[in-house]
$ cat final_18.txt   # compact mmCIF, C-alpha atoms
# COMPACT_ATOMS: atom_id res chain seq x y z
CA MET A 1 98.09 109.80 107.63
CA PHE A 2 100.23 106.98 108.98
CA THR A 3 98.32 104.31 110.91
CA THR A 4 99.06 100.81 112.16
CA ARG A 5 95.42 99.77 111.69
CA LYS A 6 93.90 99.20 108.27
CA THR A 7 90.27 98.66 107.39
CA TYR A 8 88.41 97.24 104.44
CA GLN A 9 84.80 96.63 103.45
CA PRO A 10 84.19 93.02 102.48
CA TYR A 11 81.45 92.21 100.00
CA ARG A 12 78.02 92.09 101.61
CA SER A 13 75.70 89.46 100.25
CA PRO A 14 71.94 89.94 100.57
CA PHE A 15 71.96 86.34 101.88
CA ASP A 16 74.62 86.77 104.64
CA PRO A 17 73.43 84.61 107.56
CA CYS A 18 75.14 86.77 110.21
CA PRO A 19 74.81 90.54 110.43
CA PRO A 20 77.91 91.86 108.65
CA LEU A 21 80.87 93.09 110.73
CA THR A 22 82.01 96.06 108.72
CA PRO A 23 84.45 97.58 108.34
CA LYS A 24 86.93 94.77 109.05
CA THR A 25 90.25 95.83 110.56
CA TYR A 26 93.74 94.38 110.73
CA VAL A 27 97.04 95.44 112.23
CA THR A 28 100.10 96.56 110.28
CA ALA A 29 102.71 96.87 113.05
CA PRO A 30 105.49 99.49 112.83
CA ASN A 31 108.12 96.81 112.13
CA LEU A 32 106.74 96.56 108.58
CA TYR A 33 107.83 100.08 107.71
CA ILE A 34 111.26 100.72 109.13
CA GLY A 35 113.72 98.25 107.63
CA PHE A 36 117.07 98.41 109.40
CA GLN A 37 116.57 100.62 112.43
CA PRO A 38 118.28 104.00 111.81
CA PRO A 39 120.55 105.46 114.52
CA ARG A 40 119.56 108.02 117.15
CA LEU A 41 115.81 107.44 117.25
CA PRO A 42 113.83 108.92 120.18
CA GLN A 43 113.75 106.69 123.27
CA TYR A 44 111.60 106.27 126.37
CA ALA A 45 113.13 106.77 129.79
CA PRO A 46 114.44 103.43 131.12
CA TYR A 47 111.62 102.77 133.59
CA GLU A 48 108.94 103.62 131.06
CA ALA A 49 110.65 101.49 128.43
CA LEU A 50 110.55 98.49 130.79
CA ARG A 51 106.82 98.89 131.21
CA LYS A 52 106.07 99.50 127.56
CA GLY A 53 108.12 96.61 126.24
CA THR A 54 110.35 98.73 124.02
CA THR A 55 112.93 101.48 124.33
CA TRP A 56 112.02 102.96 120.97
CA LYS A 57 109.00 105.23 120.62
CA ILE A 58 108.66 104.38 116.95
CA PHE A 59 107.99 100.69 117.72
CA TYR A 60 105.40 101.20 120.47
CA ASP A 61 102.01 100.10 119.18
CA PRO A 62 99.63 99.09 122.00
CA TYR A 63 96.54 96.97 121.32
CA CYS A 64 93.26 97.13 123.23
CA GLY A 65 90.46 94.59 123.12
CA PRO A 66 86.78 95.40 122.66
CA TYR A 67 86.08 95.10 126.42
CA GLU A 68 88.75 97.64 127.31
CA GLN A 69 87.66 100.07 124.62
CA MET A 70 84.09 99.80 125.89
CA LYS A 71 85.22 100.54 129.43
CA ARG A 72 87.35 103.44 128.26
CA ASN A 73 84.30 104.93 126.54
CA GLU A 74 82.22 104.50 129.69
CA ARG A 75 84.78 106.45 131.70
CA THR A 76 84.89 109.40 129.35
CA MET B 77 124.79 78.14 129.90
CA TRP B 78 122.12 80.26 131.47
CA ILE B 79 121.84 82.31 134.61
CA TYR B 80 118.40 82.34 136.20
CA GLU B 81 116.96 85.46 137.75
CA LYS B 82 114.21 84.64 140.16
CA LYS B 83 111.74 87.23 138.93
CA LEU B 84 109.39 87.69 136.01
CA GLN B 85 110.30 89.84 133.02
CA TYR B 86 107.12 91.85 133.62
CA PRO B 87 104.79 91.73 136.65
CA VAL B 88 101.84 89.38 136.15
CA ARG B 89 98.60 90.50 137.74
CA VAL B 90 95.23 88.83 137.43
CA SER B 91 92.00 90.52 138.62
CA SER B 92 89.77 87.49 139.06
CA CYS B 93 89.76 83.70 139.11
CA ASN B 94 88.81 82.96 135.51
CA PRO B 95 89.61 79.43 134.31
CA LYS B 96 88.00 80.12 130.94
CA LEU B 97 90.70 82.69 130.16
CA ALA B 98 93.33 80.16 131.24
CA LYS B 99 91.96 77.78 128.65
CA TYR B 100 92.50 80.42 125.95
CA LEU B 101 95.88 81.50 127.27
CA ILE B 102 97.29 77.99 127.14
CA GLU B 103 97.48 78.53 123.37
CA GLN B 104 100.55 80.70 124.01
CA TYR B 105 102.01 78.05 126.35
CA GLY B 106 101.86 74.89 124.25
CA GLY B 107 100.40 76.03 120.93
CA ALA B 108 102.03 76.14 117.49
CA ASP B 109 102.94 79.82 117.79
CA GLY B 110 103.38 79.77 121.55
CA GLU B 111 106.37 80.72 123.62
CA LEU B 112 107.67 77.15 124.03
CA ALA B 113 107.68 76.59 120.27
CA ALA B 114 109.39 79.96 119.78
CA ALA B 115 112.14 79.32 122.34
CA LEU B 116 112.94 75.85 121.05
CA ARG B 117 112.81 76.99 117.41
CA TYR B 118 115.34 79.81 117.82
CA LEU B 119 117.69 78.06 120.21
CA ASN B 120 117.89 75.13 117.80
CA GLN B 121 118.27 77.10 114.57
CA ARG B 122 121.16 79.16 115.90
CA TYR B 123 123.75 76.42 115.32
CA THR B 124 123.39 76.59 111.56
CA ILE B 125 122.96 80.31 110.99
CA PRO B 126 125.78 82.77 110.07
CA ASP B 127 127.82 84.00 113.06
CA LYS B 128 126.47 87.54 112.74
CA VAL B 129 122.99 86.54 113.87
CA VAL B 130 123.68 83.63 116.27
CA GLY B 131 123.62 86.04 119.21
CA LEU B 132 120.24 87.41 118.15
CA LEU B 133 118.69 83.95 118.09
CA THR B 134 120.24 83.18 121.50
CA ASP B 135 118.90 86.40 123.01
CA ILE B 136 115.40 86.11 121.59
CA GLY B 137 115.19 82.36 122.31
CA THR B 138 116.16 83.06 125.90
CA GLU B 139 113.60 85.85 126.21
CA GLU B 140 110.90 83.48 124.94
CA PHE B 141 111.51 81.32 128.02
CA ALA B 142 110.97 84.42 130.16
CA HIS B 143 107.66 84.89 128.34
CA LEU B 144 106.78 81.22 128.82
CA GLU B 145 107.26 81.72 132.53
CA MET B 146 104.91 84.73 132.48
CA ILE B 147 102.22 82.76 130.63
CA ALA B 148 102.61 79.89 133.09
CA THR B 149 102.16 82.34 135.99
CA MET B 150 99.05 83.80 134.36
CA VAL B 151 97.50 80.36 133.77
CA TYR B 152 98.38 79.28 137.29
CA LYS B 153 96.86 82.39 138.86
CA LEU B 154 93.70 82.13 136.77
CA THR B 155 93.06 78.54 137.87
CA LYS B 156 94.74 78.01 141.22
CA ASP B 157 91.68 78.26 143.46
CA ALA B 158 89.10 77.02 140.97
CA THR B 159 86.99 74.07 142.07
CA PRO B 160 86.67 71.02 139.79
CA GLU B 161 83.12 72.25 139.18
CA GLN B 162 84.36 75.66 137.96
CA LEU B 163 86.98 74.00 135.78
CA LYS B 164 84.28 71.82 134.26
CA GLU B 165 82.16 74.87 133.48
CA ALA B 166 85.17 76.54 131.83
CA GLY B 167 85.68 73.57 129.53
CA LEU B 168 88.71 72.35 131.48
CA GLY B 169 87.08 69.16 132.78
CA GLU B 170 89.12 66.95 130.43
CA HIS B 171 92.27 68.78 131.43
CA TYR B 172 91.53 68.27 135.12
CA VAL B 173 90.92 64.55 134.66
CA ASN B 174 94.30 64.10 132.97
CA HIS B 175 96.47 66.68 134.73
CA GLY B 176 94.65 67.76 137.89
CA PRO B 177 95.75 71.28 138.80
CA ALA B 178 98.97 71.02 136.75
CA LEU B 179 99.82 72.95 133.62
CA PHE B 180 100.54 71.10 130.42
CA TYR B 181 102.00 71.98 127.05
CA HIS B 182 98.97 71.86 124.82
CA ASN B 183 97.00 74.38 122.80
CA ALA B 184 93.62 75.93 123.56
CA ALA B 185 91.88 73.00 121.88
CA GLY B 186 93.83 70.46 124.00
CA SER B 187 96.22 69.09 121.35
CA PRO B 188 99.60 68.37 122.94
CA TRP B 189 102.66 70.34 121.85
CA THR B 190 104.59 68.68 119.03
CA ALA B 191 108.00 69.30 117.45
CA THR B 192 106.24 69.48 114.08
CA TYR B 193 105.21 73.00 115.11
CA ILE B 194 108.79 74.16 114.50
CA GLN B 195 111.21 73.85 111.62
CA ALA B 196 114.96 74.04 111.09
CA LYS B 197 115.75 74.10 107.40
CA GLY B 198 119.44 74.97 107.70
CA ASP B 199 118.98 77.75 105.17
CA PRO B 200 119.50 81.11 106.89
CA ILE B 201 116.89 83.03 104.90
CA ALA B 202 114.28 80.28 105.07
CA ASP B 203 114.79 79.97 108.83
CA LEU B 204 114.66 83.72 109.49
CA TYR B 205 111.52 84.11 107.39
CA GLU B 206 109.94 81.35 109.46
CA ASP B 207 110.95 83.24 112.60
CA ILE B 208 109.42 86.50 111.34
CA ALA B 209 106.20 84.64 110.52
CA ALA B 210 106.20 83.01 113.96
CA GLU B 211 106.50 86.39 115.68
CA GLU B 212 103.70 87.91 113.61
CA LYS B 213 101.48 84.89 114.34
CA ALA B 214 102.21 85.18 118.05
CA ARG B 215 101.36 88.91 117.87
CA ALA B 216 98.04 88.04 116.24
CA THR B 217 97.36 85.34 118.85
CA TYR B 218 97.87 87.91 121.63
CA GLN B 219 95.38 90.20 119.88
CA TRP B 220 92.78 87.42 119.72
CA ILE B 221 93.33 86.59 123.39
CA ILE B 222 93.05 90.29 124.37
CA ASN B 223 89.81 90.40 122.34
CA MET B 224 88.44 87.51 124.43
CA SER B 225 89.62 88.85 127.77
CA ASP B 226 87.77 91.26 130.08
CA ASP B 227 90.54 91.23 132.70
CA PRO B 228 92.37 94.61 132.56
CA ASP B 229 95.32 93.48 134.70
CA LEU B 230 95.89 90.40 132.58
CA ASN B 231 95.58 92.43 129.38
CA ASP B 232 98.30 94.75 130.64
CA GLY B 233 100.73 91.81 130.74
CA LEU B 234 99.49 90.50 127.39
CA ARG B 235 100.03 93.91 125.81
CA PHE B 236 103.63 93.88 127.00
CA LEU B 237 104.16 90.42 125.49
CA ARG B 238 102.56 91.51 122.22
CA GLU B 239 104.87 94.52 122.04
CA ARG B 240 107.86 92.21 122.46
CA GLU B 241 106.65 90.15 119.47
CA ILE B 242 106.72 93.33 117.36
CA ILE B 243 110.30 94.05 118.46
CA HIS B 244 111.41 90.46 117.83
CA ALA B 245 109.93 90.53 114.32
CA GLN B 246 111.78 93.81 113.72
CA ARG B 247 115.09 92.29 114.84
CA PHE B 248 114.60 89.21 112.65
CA ARG B 249 113.85 91.49 109.70
CA GLU B 250 117.10 93.33 110.45
CA ALA B 251 118.93 89.99 110.58
CA VAL B 252 117.71 89.29 107.05
CA GLU B 253 119.02 92.72 106.00
CA LEU B 254 122.42 91.90 107.55
CA LEU B 255 122.64 88.63 105.64
CA LYS B 256 121.56 90.28 102.37
CA GLU B 257 124.31 92.90 102.55
CA GLU B 258 127.29 92.65 100.18
CA ARG B 259 130.40 92.15 102.25
CA ASP B 260 132.35 94.98 100.60
CA GLN B 261 129.61 97.58 101.04
CA LYS B 262 129.40 97.73 104.79
CA LYS B 263 127.13 100.36 106.28
CA ILE B 264 128.71 102.10 109.24
CA PHE B 265 126.68 104.21 111.60

$ encode --input "final_18.txt" --output "structure tokens"
Amino acid sequence: MFTTRKTYQPYRSPFDPCPPLTPKTYVTAPNLYIGFQPPRLPQYAPYEALRKGTTWKIFYDPYCGPYEQMKRNERT
Amino acid sequence: MWIYEKKLQYPVRVSSCNPKLAKYLIEQYGGADGELAAALRYLNQRYTIPDKVVGLLTDIGTEEFAHLEMIATMVYKLTKDATPEQLKEAGLGEHYVNHGPALFYHNAAGSPWTATYIQAKGDPIADLYEDIAAEEKARATYQWIINMSDDPDLNDGLRFLREREIIHAQRFREAVELLKEERDQKKIF
């Protein structure tokens, strides 16, 4: 499955001073995969595109921080 | 020449007076991968880049100033009614002593902006690769700031700016593709 978030498990030492943060994640944004943008890709409506920061659905990749994700979980 | 539109590229809203967040945000104002560095980098490199991509550097460099203005508005709103005491608590005491309520081009750790943050090598590929790296670093910086921020309204604006970094990186990657192309094998859509 295609994702723009990748995870990995760093080595865990029995002597790690901090509790390990695993898995670790990093972002691989859509611009890494597309090369020269092909013609006639799906678009957002103009007003929505202005809010999202891009016209092209394929490039939209929002990022939420830990506080927001926590709040989102509380709501659901 | 530029024409100024007296509005922000994206509305800036801030939920609460939070000078600590302003201290982090200033990284994108006067930091190495901030909007000022980006704007000056692109608008300077464009003189010595092939004609095909001069317009791209002009457009993106100009947009970076629009982003700079948004960051400035965010920092201003986060600090405008803070007392010296609150600024001190947020770690902005040194800033207040030097600049009072004013903004200044320095990074989150207080180092002033310097031209050594940017490069112009005069080699189109080297310069565009620097630009791609700068956009990806700015995208990462926005992620780290969003991770530190508990202000949903502010994060909304930061998410917009981060999305623009993704698009800019995409366009710089396309510029590299344009310059790589053999002149007799033009792709026509």

$ closest_atom_pairs --input "final_18.txt" --of "chain A" --to "chain B" --cutoff "12 Å" --atoms "all atoms listed in the file" --output "JSON lines"
{"residue": "A:Thr4", "atom": "CA", "partner": "B:Ile242", "partner_atom": "CA", "distance": 11.9}
{"residue": "A:Tyr26", "atom": "CA", "partner": "B:Ala216", "partner_atom": "CA", "distance": 9.4}
{"residue": "A:Val27", "atom": "CA", "partner": "B:Ala216", "partner_atom": "CA", "distance": 8.5}
{"residue": "A:Thr28", "atom": "CA", "partner": "B:Glu212", "partner_atom": "CA", "distance": 9.9}
{"residue": "A:Ala29", "atom": "CA", "partner": "B:Ile242", "partner_atom": "CA", "distance": 6.9}
{"residue": "A:Pro30", "atom": "CA", "partner": "B:Ile242", "partner_atom": "CA", "distance": 7.7}
{"residue": "A:Asn31", "atom": "CA", "partner": "B:Gln246", "partner_atom": "CA", "distance": 5.0}
{"residue": "A:Leu32", "atom": "CA", "partner": "B:Gln246", "partner_atom": "CA", "distance": 7.7}
{"residue": "A:Tyr33", "atom": "CA", "partner": "B:Gln246", "partner_atom": "CA", "distance": 9.5}
{"residue": "A:Ile34", "atom": "CA", "partner": "B:Gln246", "partner_atom": "CA", "distance": 8.3}
{"residue": "A:Gly35", "atom": "CA", "partner": "B:Glu250", "partner_atom": "CA", "distance": 6.6}
{"residue": "A:Phe36", "atom": "CA", "partner": "B:Glu250", "partner_atom": "CA", "distance": 5.2}
{"residue": "A:Gln37", "atom": "CA", "partner": "B:Glu250", "partner_atom": "CA", "distance": 7.6}
{"residue": "A:Pro38", "atom": "CA", "partner": "B:Phe265", "partner_atom": "CA", "distance": 8.4}
{"residue": "A:Pro39", "atom": "CA", "partner": "B:Phe265", "partner_atom": "CA", "distance": 6.9}
{"residue": "A:Arg40", "atom": "CA", "partner": "B:Phe265", "partner_atom": "CA", "distance": 9.8}
{"residue": "A:Tyr47", "atom": "CA", "partner": "B:Tyr86", "partner_atom": "CA", "distance": 11.8}
{"residue": "A:Glu48", "atom": "CA", "partner": "B:Phe236", "partner_atom": "CA", "distance": 11.8}
{"residue": "A:Ala49", "atom": "CA", "partner": "B:Phe236", "partner_atom": "CA", "distance": 10.5}
{"residue": "A:Leu50", "atom": "CA", "partner": "B:Tyr86", "partner_atom": "CA", "distance": 8.0}
{"residue": "A:Arg51", "atom": "CA", "partner": "B:Phe236", "partner_atom": "CA", "distance": 7.3}
{"residue": "A:Lys52", "atom": "CA", "partner": "B:Phe236", "partner_atom": "CA", "distance": 6.2}
{"residue": "A:Gly53", "atom": "CA", "partner": "B:Phe236", "partner_atom": "CA", "distance": 5.3}
{"residue": "A:Thr54", "atom": "CA", "partner": "B:Arg240", "partner_atom": "CA", "distance": 7.2}
{"residue": "A:Thr55", "atom": "CA", "partner": "B:Ile243", "partner_atom": "CA", "distance": 9.8}
{"residue": "A:Trp56", "atom": "CA", "partner": "B:Ile243", "partner_atom": "CA", "distance": 9.4}
{"residue": "A:Lys57", "atom": "CA", "partner": "B:Ile243", "partner_atom": "CA", "distance": 11.5}
{"residue": "A:Ile58", "atom": "CA", "partner": "B:Ile243", "partner_atom": "CA", "distance": 10.6}
{"residue": "A:Phe59", "atom": "CA", "partner": "B:Ile243", "partner_atom": "CA", "distance": 7.1}
{"residue": "A:Tyr60", "atom": "CA", "partner": "B:Glu239", "partner_atom": "CA", "distance": 6.9}
{"residue": "A:Asp61", "atom": "CA", "partner": "B:Glu239", "partner_atom": "CA", "distance": 6.9}
{"residue": "A:Pro62", "atom": "CA", "partner": "B:Arg235", "partner_atom": "CA", "distance": 6.4}
{"residue": "A:Tyr63", "atom": "CA", "partner": "B:Arg235", "partner_atom": "CA", "distance": 6.5}
{"residue": "A:Cys64", "atom": "CA", "partner": "B:Ile222", "partner_atom": "CA", "distance": 6.9}
{"residue": "A:Gly65", "atom": "CA", "partner": "B:Asn223", "partner_atom": "CA", "distance": 4.3}
{"residue": "A:Pro66", "atom": "CA", "partner": "B:Asn223", "partner_atom": "CA", "distance": 5.9}
{"residue": "A:Tyr67", "atom": "CA", "partner": "B:Asp226", "partner_atom": "CA", "distance": 5.6}
{"residue": "A:Glu68", "atom": "CA", "partner": "B:Asp226", "partner_atom": "CA", "distance": 7.0}
{"residue": "A:Gln69", "atom": "CA", "partner": "B:Asn223", "partner_atom": "CA", "distance": 10.2}
{"residue": "A:Met70", "atom": "CA", "partner": "B:Asp226", "partner_atom": "CA", "distance": 10.2}
{"residue": "A:Lys71", "atom": "CA", "partner": "B:Asp226", "partner_atom": "CA", "distance": 9.6}
{"residue": "A:Arg72", "atom": "CA", "partner": "B:Pro228", "partner_atom": "CA", "distance": 11.0}

$ residues_near_point --input "final_18.txt" --point "(89.9, 72.9, 123.5)" --cutoff "10 Å" --atoms "all atoms listed in the file" --output "mmCIF file with C-alpha atoms, in the coordinates of the input"
data_model
loop_
_atom_site.group_PDB
_atom_site.id
_atom_site.type_symbol
_atom_site.label_atom_id
_atom_site.label_comp_id
_atom_site.auth_asym_id
_atom_site.auth_seq_id
_atom_site.Cartn_x
_atom_site.Cartn_y
_atom_site.Cartn_z
ATOM 1 C CA LYS B 99 91.960 77.780 128.650
ATOM 2 C CA TYR B 100 92.500 80.420 125.950
ATOM 3 C CA ILE B 102 97.290 77.990 127.140
ATOM 4 C CA GLU B 103 97.480 78.530 123.370
ATOM 5 C CA GLY B 167 85.680 73.570 129.530
ATOM 6 C CA LEU B 168 88.710 72.350 131.480
ATOM 7 C CA GLU B 170 89.120 66.950 130.430
ATOM 8 C CA HIS B 171 92.270 68.780 131.430
ATOM 9 C CA HIS B 182 98.970 71.860 124.820
ATOM 10 C CA ASN B 183 97.000 74.380 122.800
ATOM 11 C CA ALA B 184 93.620 75.930 123.560
ATOM 12 C CA ALA B 185 91.880 73.000 121.880
ATOM 13 C CA GLY B 186 93.830 70.460 124.000
ATOM 14 C CA SER B 187 96.220 69.090 121.350
#

$ residues_around --input "final_18.txt" --residues "B:Ala114" --least-positions-apart "6" --cutoff "10 Å" --atoms "only C-alpha atoms" --output "mmCIF file with C-alpha atoms, in the frame of the given file"
data_model
loop_
_atom_site.group_PDB
_atom_site.id
_atom_site.type_symbol
_atom_site.label_atom_id
_atom_site.label_comp_id
_atom_site.auth_asym_id
_atom_site.auth_seq_id
_atom_site.Cartn_x
_atom_site.Cartn_y
_atom_site.Cartn_z
ATOM 1 C CA GLN B 104 100.550 80.700 124.010
ATOM 2 C CA GLY B 107 100.400 76.030 120.930
ATOM 3 C CA ALA B 108 102.030 76.140 117.490
ATOM 4 C CA ASN B 120 117.890 75.130 117.800
ATOM 5 C CA ILE B 136 115.400 86.110 121.590
ATOM 6 C CA GLY B 137 115.190 82.360 122.310
ATOM 7 C CA THR B 138 116.160 83.060 125.900
ATOM 8 C CA GLU B 139 113.600 85.850 126.210
ATOM 9 C CA GLU B 140 110.900 83.480 124.940
ATOM 10 C CA PHE B 141 111.510 81.320 128.020
ATOM 11 C CA LEU B 144 106.780 81.220 128.820
ATOM 12 C CA TYR B 193 105.210 73.000 115.110
ATOM 13 C CA ILE B 194 108.790 74.160 114.500
ATOM 14 C CA ASP B 207 110.950 83.240 112.600
ATOM 15 C CA ALA B 210 106.200 83.010 113.960
ATOM 16 C CA GLU B 211 106.500 86.390 115.680
ATOM 17 C CA ALA B 214 102.210 85.180 118.050
#

$ atom_distance --input "final_18.txt" --atom1 "atom CA of B:Phe248" --atom2 "atom CA of B:Leu204"
6.3 Å

$ atom_distance --input "final_18.txt" --atom1 "atom CA of B:Asp135" --atom2 "atom CA of B:Thr190"
23.1 Å

$ closest_residue --input "final_18.txt" --among "B:Leu84, B:Leu230, B:Val173, B:Ala148" --to "B:Pro160" --atoms "all atoms listed in the file"
B:Val173

$ residues_around --input "final_18.txt" --residues "B:Met150" --least-positions-apart "6" --cutoff "8 Å" --atoms "all atoms listed in the file" --output "NGL selection string"
:B and (88-90 or 98 or 230)

$ closest_residue --input "final_18.txt" --among "B:Ala191, B:Lys153, B:Val130, B:Gly198" --to "B:Ala178" --atoms "all atoms listed in the file"
B:Lys153

$ atom_distance --input "final_18.txt" --atom1 "atom CA of B:Asp157" --atom2 "atom CA of B:Ala113"
28.2 Å

$ decode --input "final_18.txt" --residues "stretch 179-200 of chain B" --atoms "N, CA and C atoms" --output "PDB file, in the first residue's frame"
ATOM      1  N   LEU B 179       9.985  42.366  15.948  1.00  0.00           N
ATOM      2  CA  LEU B 179      10.469  41.097  15.408  1.00  0.00           C
ATOM      3  C   LEU B 179      11.907  41.287  14.951  1.00  0.00           C
ATOM      4  N   PHE B 180      12.630  40.194  14.865  1.00  0.00           N
ATOM      5  CA  PHE B 180      13.976  40.290  14.308  1.00  0.00           C
ATOM      6  C   PHE B 180      14.308  39.005  13.567  1.00  0.00           C
ATOM      7  N   TYR B 181      15.175  39.141  12.559  1.00  0.00           N
ATOM      8  CA  TYR B 181      15.554  37.980  11.758  1.00  0.00           C
ATOM      9  C   TYR B 181      16.618  37.164  12.471  1.00  0.00           C
ATOM     10  N   HIS B 182      16.177  36.300  13.362  1.00  0.00           N
ATOM     11  CA  HIS B 182      17.104  35.337  13.943  1.00  0.00           C
ATOM     12  C   HIS B 182      16.397  33.994  14.099  1.00  0.00           C
ATOM     13  N   ASN B 183      17.164  32.964  14.422  1.00  0.00           N
ATOM     14  CA  ASN B 183      16.542  31.640  14.520  1.00  0.00           C
ATOM     15  C   ASN B 183      16.025  31.387  15.937  1.00  0.00           C
ATOM     16  N   ALA B 184      15.489  30.200  16.168  1.00  0.00           N
ATOM     17  CA  ALA B 184      14.861  29.913  17.455  1.00  0.00           C
ATOM     18  C   ALA B 184      15.856  29.996  18.599  1.00  0.00           C
ATOM     19  N   ALA B 185      17.143  29.797  18.297  1.00  0.00           N
ATOM     20  CA  ALA B 185      18.157  29.866  19.335  1.00  0.00           C
ATOM     21  C   ALA B 185      18.733  31.279  19.477  1.00  0.00           C
ATOM     22  N   GLY B 186      18.248  32.235  18.667  1.00  0.00           N
ATOM     23  CA  GLY B 186      18.673  33.627  18.808  1.00  0.00           C
ATOM     24  C   GLY B 186      19.843  34.052  17.935  1.00  0.00           C
ATOM     25  N   SER B 187      20.368  33.144  17.078  1.00  0.00           N
ATOM     26  CA  SER B 187      21.461  33.555  16.198  1.00  0.00           C
ATOM     27  C   SER B 187      20.905  34.378  15.040  1.00  0.00           C
ATOM     28  N   PRO B 188      21.507  35.553  14.780  1.00  0.00           N
ATOM     29  CA  PRO B 188      20.965  36.406  13.725  1.00  0.00           C
ATOM     30  C   PRO B 188      21.108  35.773  12.347  1.00  0.00           C
ATOM     31  N   TRP B 189      20.190  36.138  11.445  1.00  0.00           N
ATOM     32  CA  TRP B 189      20.225  35.632  10.072  1.00  0.00           C
ATOM     33  C   TRP B 189      21.555  36.017   9.419  1.00  0.00           C
ATOM     34  N   THR B 190      22.099  35.117   8.615  1.00  0.00           N
ATOM     35  CA  THR B 190      23.334  35.436   7.912  1.00  0.00           C
ATOM     36  C   THR B 190      23.267  34.927   6.477  1.00  0.00           C
ATOM     37  N   ALA B 191      23.926  35.658   5.568  1.00  0.00           N
ATOM     38  CA  ALA B 191      23.926  35.276   4.155  1.00  0.00           C
ATOM     39  C   ALA B 191      24.622  33.941   3.935  1.00  0.00           C
ATOM     40  N   THR B 192      25.385  33.468   4.925  1.00  0.00           N
ATOM     41  CA  THR B 192      26.017  32.159   4.759  1.00  0.00           C
ATOM     42  C   THR B 192      24.995  31.023   4.784  1.00  0.00           C
ATOM     43  N   TYR B 193      23.740  31.345   5.150  1.00  0.00           N
ATOM     44  CA  TYR B 193      22.687  30.323   5.096  1.00  0.00           C
ATOM     45  C   TYR B 193      22.367  29.940   3.658  1.00  0.00           C
ATOM     46  N   ILE B 194      22.643  30.845   2.703  1.00  0.00           N
ATOM     47  CA  ILE B 194      22.231  30.584   1.325  1.00  0.00           C
ATOM     48  C   ILE B 194      23.463  30.480   0.431  1.00  0.00           C
ATOM     49  N   GLN B 195      23.258  29.903  -0.746  1.00  0.00           N
ATOM     50  CA  GLN B 195      24.380  29.720  -1.659  1.00  0.00           C
ATOM     51  C   GLN B 195      23.913  30.058  -3.069  1.00  0.00           C
ATOM     52  N   ALA B 196      24.846  30.507  -3.887  1.00  0.00           N
ATOM     53  CA  ALA B 196      24.602  30.678  -5.321  1.00  0.00           C
ATOM     54  C   ALA B 196      25.874  30.182  -5.989  1.00  0.00           C
ATOM     55  N   LYS B 197      25.787  29.004  -6.579  1.00  0.00           N
ATOM     56  CA  LYS B 197      26.998  28.397  -7.123  1.00  0.00           C
ATOM     57  C   LYS B 197      27.152  28.712  -8.598  1.00  0.00           C
ATOM     58  N   GLY B 198      26.075  29.198  -9.245  1.00  0.00           N
ATOM     59  CA  GLY B 198      26.163  29.507 -10.668  1.00  0.00           C
ATOM     60  C   GLY B 198      26.111  28.274 -11.548  1.00  0.00           C
ATOM     61  N   ASP B 199      25.926  27.122 -10.934  1.00  0.00           N
ATOM     62  CA  ASP B 199      25.749  25.882 -11.692  1.00  0.00           C
ATOM     63  C   ASP B 199      24.279  25.485 -11.539  1.00  0.00           C
ATOM     64  N   PRO B 200      23.545  25.403 -12.645  1.00  0.00           N
ATOM     65  CA  PRO B 200      22.088  25.222 -12.540  1.00  0.00           C
ATOM     66  C   PRO B 200      21.693  24.004 -11.717  1.00  0.00           C
TER      67      PRO B 200
END
